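Text of the file work_19.cif, holding mmCIF, C-alpha atoms:
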data_query
loop_
_atom_site.label_atom_id
_atom_site.label_comp_id
_atom_site.auth_asym_id
_atom_site.auth_seq_id
_atom_site.Cartn_x
_atom_site.Cartn_y
_atom_site.Cartn_z
CA MET A 877 52.08 -18.43 -3.76
CA SER A 878 52.01 -14.68 -3.08
CA ALA A 879 48.76 -14.99 -1.12
CA ALA A 880 50.11 -17.94 0.89
CA LEU A 881 53.26 -16.03 1.81
CA ALA A 882 51.30 -12.94 2.82
CA LEU A 883 48.98 -15.01 5.01
CA THR A 884 52.02 -16.69 6.57
CA ALA A 885 53.36 -13.24 7.39
CA SER A 886 50.01 -12.40 8.96
CA LEU A 887 50.12 -15.51 11.17
CA LEU A 888 53.70 -14.87 12.27
CA TRP A 889 53.06 -11.20 13.04
CA GLY A 890 50.02 -12.13 15.07
CA VAL A 891 52.07 -14.55 17.16
CA ALA A 892 54.93 -12.04 17.55
CA ASP A 893 52.56 -9.26 18.59
CA TYR A 894 50.89 -11.41 21.20
CA GLY A 895 54.24 -12.57 22.56
CA GLY A 896 55.76 -9.09 22.60
CA GLY A 897 52.69 -7.58 24.24
CA ALA A 898 52.48 -10.31 26.86
CA LEU A 899 56.17 -9.98 27.71
CA THR A 900 55.87 -6.20 27.97
CA ARG A 901 53.32 -6.63 30.74
CA ARG A 902 56.12 -7.94 32.98
CA LEU A 903 59.26 -6.52 31.33
CA PRO A 904 60.12 -2.97 30.18
CA ALA A 905 59.12 -2.48 26.53
CA LEU A 906 62.61 -1.25 25.60
CA THR A 907 64.20 -4.40 27.01
CA VAL A 908 61.76 -6.60 25.10
CA VAL A 909 62.57 -4.78 21.85
CA VAL A 910 66.36 -4.83 22.27
CA VAL A 911 66.72 -8.44 23.43
CA SER A 912 64.29 -9.89 20.87
CA GLN A 913 65.81 -7.98 17.97
CA THR A 914 69.39 -8.72 19.03
CA ALA A 915 68.63 -12.44 19.21
CA ALA A 916 67.14 -12.29 15.71
CA ALA A 917 70.16 -10.35 14.43
CA VAL A 918 72.62 -12.92 15.80
CA LEU A 919 70.80 -15.83 14.18
CA LEU A 920 70.38 -13.98 10.88
CA THR A 921 74.08 -13.09 10.79
CA GLY A 922 74.94 -16.76 11.17
CA ALA A 923 72.50 -17.67 8.38
CA VAL A 924 73.96 -15.06 6.02
CA LEU A 925 77.53 -16.22 6.64
CA ALA A 926 76.56 -19.88 6.27
CA THR A 927 74.78 -19.33 2.94
CA GLY A 928 77.26 -16.90 1.37
CA GLY A 929 74.71 -14.11 1.48
CA LEU A 930 77.40 -11.40 1.54
CA THR A 931 77.61 -11.70 -2.24
CA ASP A 932 74.30 -9.80 -2.37
CA LEU A 933 75.87 -6.56 -1.15
CA SER A 934 74.43 -3.58 -3.02
CA PRO A 935 73.54 0.12 -2.50
CA LYS A 936 69.92 -0.98 -1.95
CA LEU A 937 70.92 -2.12 1.52
CA TRP A 938 70.64 1.53 2.59
CA PHE A 939 66.88 0.94 2.53
CA ALA A 940 67.44 -1.85 5.05
CA VAL A 941 69.50 0.54 7.20
CA ALA A 942 66.66 3.07 7.15
CA ALA A 943 64.18 0.35 8.10
CA GLY A 944 66.49 -0.73 10.91
CA VAL A 945 66.67 2.78 12.34
CA ILE A 946 62.88 3.23 12.28
CA GLY A 947 62.05 -0.27 13.54
CA PRO A 948 63.02 0.00 17.24
CA PHE A 949 60.97 3.16 17.76
CA ALA A 950 57.97 1.52 16.08
CA LEU A 951 58.26 -1.66 18.16
CA LEU A 952 58.79 0.29 21.38
CA ALA A 953 55.66 2.37 20.80
CA PHE A 954 53.63 -0.67 19.76
CA TYR A 955 54.63 -2.91 22.66
CA ARG A 956 53.88 -0.12 25.12
CA ALA A 957 50.47 0.33 23.51
CA LEU A 958 49.83 -3.42 23.76
CA ALA A 959 50.73 -3.32 27.44
CA LEU A 960 48.50 -0.28 28.10
CA GLY A 961 45.41 -1.25 26.13
CA PRO A 962 43.48 -4.40 25.18
CA MET A 963 45.42 -6.41 22.60
CA GLY A 964 42.20 -7.13 20.74
CA VAL A 965 41.79 -3.37 20.16
CA VAL A 966 45.37 -2.11 19.81
CA SER A 967 46.52 -4.71 17.28
CA PRO A 968 43.76 -4.12 14.70
CA LEU A 969 44.21 -0.36 14.93
CA ALA A 970 47.89 -0.76 14.05
CA THR A 971 46.95 -2.17 10.65
CA ILE A 972 46.25 1.30 9.28
CA GLY A 973 49.98 1.32 8.54
CA VAL A 974 49.13 -0.94 5.59
CA ALA A 975 48.23 2.30 3.78
CA VAL A 976 51.95 2.99 3.31
CA PRO A 977 52.94 -0.09 1.22
CA ILE A 978 49.56 0.02 -0.56
CA GLY A 979 50.18 3.65 -1.49
CA VAL A 980 53.69 2.84 -2.69
CA GLY A 981 52.36 0.02 -4.85
CA LEU A 982 49.70 2.24 -6.42
CA PHE A 983 52.25 5.01 -6.95
CA LEU A 984 54.48 2.56 -8.82
CA GLY A 985 51.63 1.70 -11.17
CA GLU A 986 49.99 -1.34 -9.60
CA ARG A 987 46.26 -1.54 -10.36
CA PRO A 988 44.38 -4.39 -8.60
CA GLY A 989 41.49 -5.94 -10.56
CA ALA A 990 37.84 -5.40 -9.63
CA VAL A 991 37.61 -8.54 -7.48
CA GLN A 992 40.85 -7.72 -5.70
CA ALA A 993 39.73 -4.12 -5.13
CA ALA A 994 36.53 -5.43 -3.55
CA GLY A 995 38.58 -7.82 -1.43
CA ILE A 996 40.81 -4.99 -0.23
CA ALA A 997 37.77 -2.92 0.79
CA VAL A 998 36.09 -5.84 2.61
CA ALA A 999 39.28 -6.92 4.36
CA LEU A 1000 40.11 -3.40 5.53
CA ALA A 1001 36.56 -2.96 6.83
CA GLY A 1002 36.93 -6.23 8.70
CA VAL A 1003 40.24 -5.19 10.21
CA ALA A 1004 38.71 -1.88 11.36
CA LEU A 1005 35.76 -3.64 12.98
CA ALA A 1006 38.05 -6.21 14.57
CA GLY A 1007 39.24 -3.37 16.80
CA GLY A 1008 35.93 -3.77 18.60
CA PRO A 1009 35.41 -0.18 19.85
CA GLN A 1010 33.43 -0.12 23.05
CA ARG A 1011 30.22 1.84 23.24
CA GLY A 1012 30.99 5.33 24.39
CA GLY A 1013 34.54 5.19 23.06
CA GLY A 1014 36.15 3.77 26.18
CA GLY A 1015 38.00 0.98 24.44
CA ILE A 1016 41.47 2.48 24.40
CA GLY A 1017 43.17 5.32 26.24
CA ARG A 1018 44.61 8.37 24.52
CA GLU A 1019 48.23 7.44 25.18
CA ALA A 1020 47.76 3.92 23.83
CA LEU A 1021 45.92 5.31 20.80
CA LEU A 1022 48.67 7.80 19.92
CA LEU A 1023 51.37 5.17 20.41
CA THR A 1024 49.46 2.75 18.19
CA LEU A 1025 48.95 5.25 15.36
CA GLY A 1026 52.59 6.30 15.42
CA ALA A 1027 53.76 2.69 15.40
CA ALA A 1028 51.38 1.86 12.54
CA MET A 1029 52.82 4.48 10.20
CA ALA A 1030 56.37 3.46 11.11
CA PHE A 1031 55.59 -0.22 10.50
CA GLY A 1032 54.18 0.64 7.09
CA ALA A 1033 57.35 2.53 6.21
CA VAL A 1034 59.51 -0.40 7.35
CA LEU A 1035 57.56 -2.83 5.15
CA ALA A 1036 57.93 -0.59 2.11
CA LEU A 1037 61.65 -0.09 2.73
CA ILE A 1038 62.35 -3.81 3.17
CA ALA A 1039 60.39 -4.70 0.04
CA HIS A 1040 62.29 -2.11 -2.00
CA GLY A 1041 65.67 -3.01 -0.51
CA SER A 1042 65.27 -6.68 -1.42
CA SER A 1043 63.67 -6.14 -4.84
CA GLY A 1044 66.82 -7.23 -6.66
CA GLY A 1045 67.38 -10.30 -4.49
CA GLY A 1046 69.31 -10.78 -1.27
CA LEU A 1047 66.29 -10.91 1.04
CA LEU A 1048 68.22 -12.70 3.81
CA LEU A 1049 70.99 -10.08 3.80
CA THR A 1050 68.43 -7.26 3.73
CA LEU A 1051 66.68 -8.65 6.80
CA CYS A 1052 70.03 -9.22 8.51
CA VAL A 1053 71.15 -5.61 7.97
CA GLN A 1054 67.80 -4.34 9.18
CA ARG A 1055 67.98 -6.41 12.37
CA LEU A 1056 71.60 -5.44 13.04
CA CYS A 1057 70.58 -1.77 12.81
CA ASN A 1058 67.55 -2.51 15.01
CA ALA A 1059 69.87 -4.00 17.62
CA ALA A 1060 72.40 -1.16 17.40
CA VAL A 1061 69.80 1.61 17.71
CA GLY A 1062 68.00 -0.29 20.47
CA ALA A 1063 71.24 -0.81 22.39
CA GLY A 1064 71.89 2.92 22.21
CA MET A 1065 68.43 3.62 23.56
CA LEU A 1066 68.96 1.05 26.33
CA ALA A 1067 72.34 2.58 27.30
CA TYR A 1068 70.74 6.03 27.44
CA ALA A 1069 67.90 4.74 29.61
CA ALA A 1070 70.38 3.00 31.92
CA ARG A 1071 72.40 6.19 32.31
CA ARG A 1072 69.30 8.26 33.05
CA ARG A 1073 67.93 5.49 35.27
CA ARG A 1074 64.37 6.57 34.66
CA GLU A 1075 63.01 3.05 35.00
CA PRO A 1076 64.33 -0.44 35.83
CA LEU A 1077 65.56 -2.30 32.76
CA GLY A 1078 64.66 -5.77 33.98
CA LEU A 1079 67.73 -7.40 32.39
CA ALA A 1080 67.82 -10.20 34.97
CA ASP A 1081 64.20 -11.08 34.22
CA ALA A 1082 64.97 -10.82 30.49
CA ARG A 1083 67.64 -13.51 30.82
CA ARG A 1084 65.06 -15.83 32.33
CA SER A 1085 62.72 -15.07 29.42
CA LEU A 1086 65.40 -15.30 26.73
CA ALA A 1087 63.77 -18.20 24.87
CA ALA A 1088 60.44 -16.36 24.61
CA LEU A 1089 62.13 -13.11 23.57
CA THR A 1090 64.12 -14.94 20.90
CA ALA A 1091 60.95 -16.55 19.57
CA VAL A 1092 59.28 -13.13 19.30
CA GLY A 1093 62.24 -11.72 17.37
CA LEU A 1094 62.39 -14.70 15.01
CA ALA A 1095 58.63 -14.64 14.35
CA ASP A 1096 58.83 -10.93 13.55
CA VAL A 1097 61.76 -11.26 11.15
CA ALA A 1098 60.24 -14.33 9.47
CA ALA A 1099 57.03 -12.36 8.94
CA ASN A 1100 58.97 -9.53 7.32
CA GLY A 1101 60.67 -12.01 5.03
CA ALA A 1102 57.41 -13.67 4.05
CA PHE A 1103 55.80 -10.30 3.31
CA SER A 1104 58.73 -9.13 1.22
CA ALA A 1105 58.70 -12.36 -0.79
CA ALA A 1106 54.93 -12.04 -1.28
CA SER A 1107 55.23 -8.47 -2.54
CA HIS A 1108 57.82 -9.55 -5.12
CA ARG A 1109 55.78 -12.50 -6.39
CA GLY A 1110 52.53 -10.57 -6.79
CA SER A 1111 50.82 -7.26 -6.12
CA ALA A 1112 52.40 -5.41 -3.21
CA ALA A 1113 49.04 -3.79 -2.43
CA VAL A 1114 47.25 -7.14 -2.22
CA ALA A 1115 50.09 -8.68 -0.19
CA ALA A 1116 49.93 -5.77 2.24
CA VAL A 1117 46.21 -6.26 2.84
CA LEU A 1118 46.52 -10.03 3.33
CA ALA A 1119 49.44 -9.56 5.71
CA SER A 1120 47.40 -7.01 7.69
CA LEU A 1121 45.07 -9.77 8.91
CA TYR A 1122 47.43 -10.51 11.81
CA PRO A 1123 45.21 -8.74 14.41
CA VAL A 1124 42.75 -11.62 14.10
CA VAL A 1125 45.51 -13.98 15.28
CA THR A 1126 46.51 -11.65 18.13
CA ALA A 1127 42.91 -11.16 19.24
CA LEU A 1128 42.22 -14.90 19.23
CA MET A 1129 45.40 -15.63 21.19
CA ALA A 1130 44.54 -12.92 23.70
CA ARG A 1131 41.05 -14.41 24.01
CA GLY A 1132 42.34 -17.94 24.54
CA LEU A 1133 45.38 -17.25 26.71
CA LEU A 1134 44.62 -13.96 28.48
CA LYS A 1135 40.84 -14.42 28.55
CA GLU A 1136 40.24 -11.07 26.84
CA ARG A 1137 36.61 -11.05 25.72
CA LEU A 1138 35.88 -10.67 22.03
CA ARG A 1139 32.94 -8.39 21.36
CA ARG A 1140 30.36 -9.13 18.72
CA VAL A 1141 31.74 -6.41 16.47
CA GLN A 1142 35.17 -8.07 16.61
CA VAL A 1143 33.69 -11.39 15.52
CA VAL A 1144 31.95 -9.66 12.60
CA GLY A 1145 35.22 -7.94 11.70
CA ALA A 1146 37.10 -11.22 11.71
CA GLY A 1147 34.48 -12.73 9.41
CA LEU A 1148 34.74 -9.82 6.98
CA ALA A 1149 38.53 -10.07 7.05
CA VAL A 1150 38.31 -13.73 6.08
CA ALA A 1151 35.78 -12.91 3.34
CA GLY A 1152 38.09 -10.24 1.96
CA THR A 1153 40.94 -12.72 2.01
CA LEU A 1154 38.93 -15.16 -0.09
CA LEU A 1155 38.09 -12.43 -2.62
CA LEU A 1156 41.75 -11.46 -2.87
CA ALA A 1157 42.79 -15.06 -3.36
CA ALA A 1158 40.09 -15.53 -6.01
CA GLY A 1159 41.21 -12.41 -7.87
#

Let me see the file written as structure tokens.
Amino acid sequence: MSAALALTASLLWGVADYGGGALTRRLPALTVVVVSQTAAAVLLTGAVLATGGLTDLSPKLWFAVAAGVIGPFALLAFYRALALGPMGVVSPLATIGVAVPIGVGLFLGERPGAVQAAGIAVALAGVALAGGPQRGGGGIGREALLLTLGAAMAFGAVLALIAHGSSGGGLLLTLCVQRLCNAAVGAGMLAYAARRRREPLGLADARRSLAALTAVGLADVAANGAFSAASHRGSAAVAAVLASLYPVVTALMARGLLKERLRRVQVVGAGLAVAGTLLLAAG
């Protein structure tokens, strides 16, 4: 069940990343982040109130607040990187953030078995190759690279914080608090940008794309929920690696819908990622 949940998170993140990156190519990244996260927050608030989730209030929700403060900056950097560079390269590079929840799991005493350790190594190698670096290093610009690396570490921190904040139960409320903080911080950033008027905010275009933006926000929050549930049901380190396979989904969607060409090294990487997944599931 843990492996299935982690793979579900991977699928949902892949879809969300593709959608967010595609939308950022015609809308400002900040607008995509704020609108998508606000839509998710509204729907989550309704779900919490409808299910009586407020009974799960606890001091651990401060971890959700921290995740909510970090999240908008991570998403903003990542969506800008996706808009600047090839999705099939940027998305796999972002998976280095998996080192954060893996490190937390090992620090807390988790020790994967030999087969799982081999699966982790193979899967991570596959994810790295899935980035498909071009010969001569021209695959991704410096700005996109720095944005991607910064977003990766922030994403890893968010995953660890959500998993810890929901460890005693109350996953729905934890995700709701995180998204409400995402929306609040993002709204502040949007108000600041509007006052400085450094770039058009594209709010009229965002209204026309509201359904797509809402879908991106819901896919992202559902992926976080699936990952958190997976980390509670099994090894957090293994769940983190399985969930990090989402670049394969993003790369395939970019190939099919945006006609981005997959290089041979990316195909090899995807195969290794799948092989690592099978080893992890077998372990």

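Here CA of Phe939 in chain A and CA of Ala1060 in chain A stand 16.0 Å from one another.
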
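We find CA of Ala942 in chain A and CA of Gln1054 in chain A to be spaced 7.8 Å apart.
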
Evaluate the PyMOL selection byres ((chain A and resi 943) around 8) here and jot the selected residues down as number ranges by chain. A: 939-942, 944-947, 1033-1035, 1037-1038, 1054

I'd like the neighbourhood of Leu1049 in chain A as a PyMOL selection string, where a residue qualifies if any of its atoms comes within 10 Å (using all atoms listed in the file), though same-chain residues fewer than 2 positions away should be ignored. chain A and resi 920-921+923-925+928-933+937+940+1041-1042+1045-1047+1051-1055

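Each of A:Pro977, A:Gly1064, A:Gly896, A:Gly1002 was checked against Leu1094 in chain A using only C-alpha atoms; the smallest atom-to-atom distance is that of A:Gly896.
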
Using all atoms listed in the file, which residue out of A:Ala1115, A:Leu1066, A:Val1092, A:Met963 lies closest to Ala1127 in chain A?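 Ranked by minimum distance to Ala1127 in chain A, first place goes to A:Met963.
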
Distance of CA of Ala898 in chain A from CA of Leu1022 in chain A, expressed in Å to one decimal place: 19.8 Å
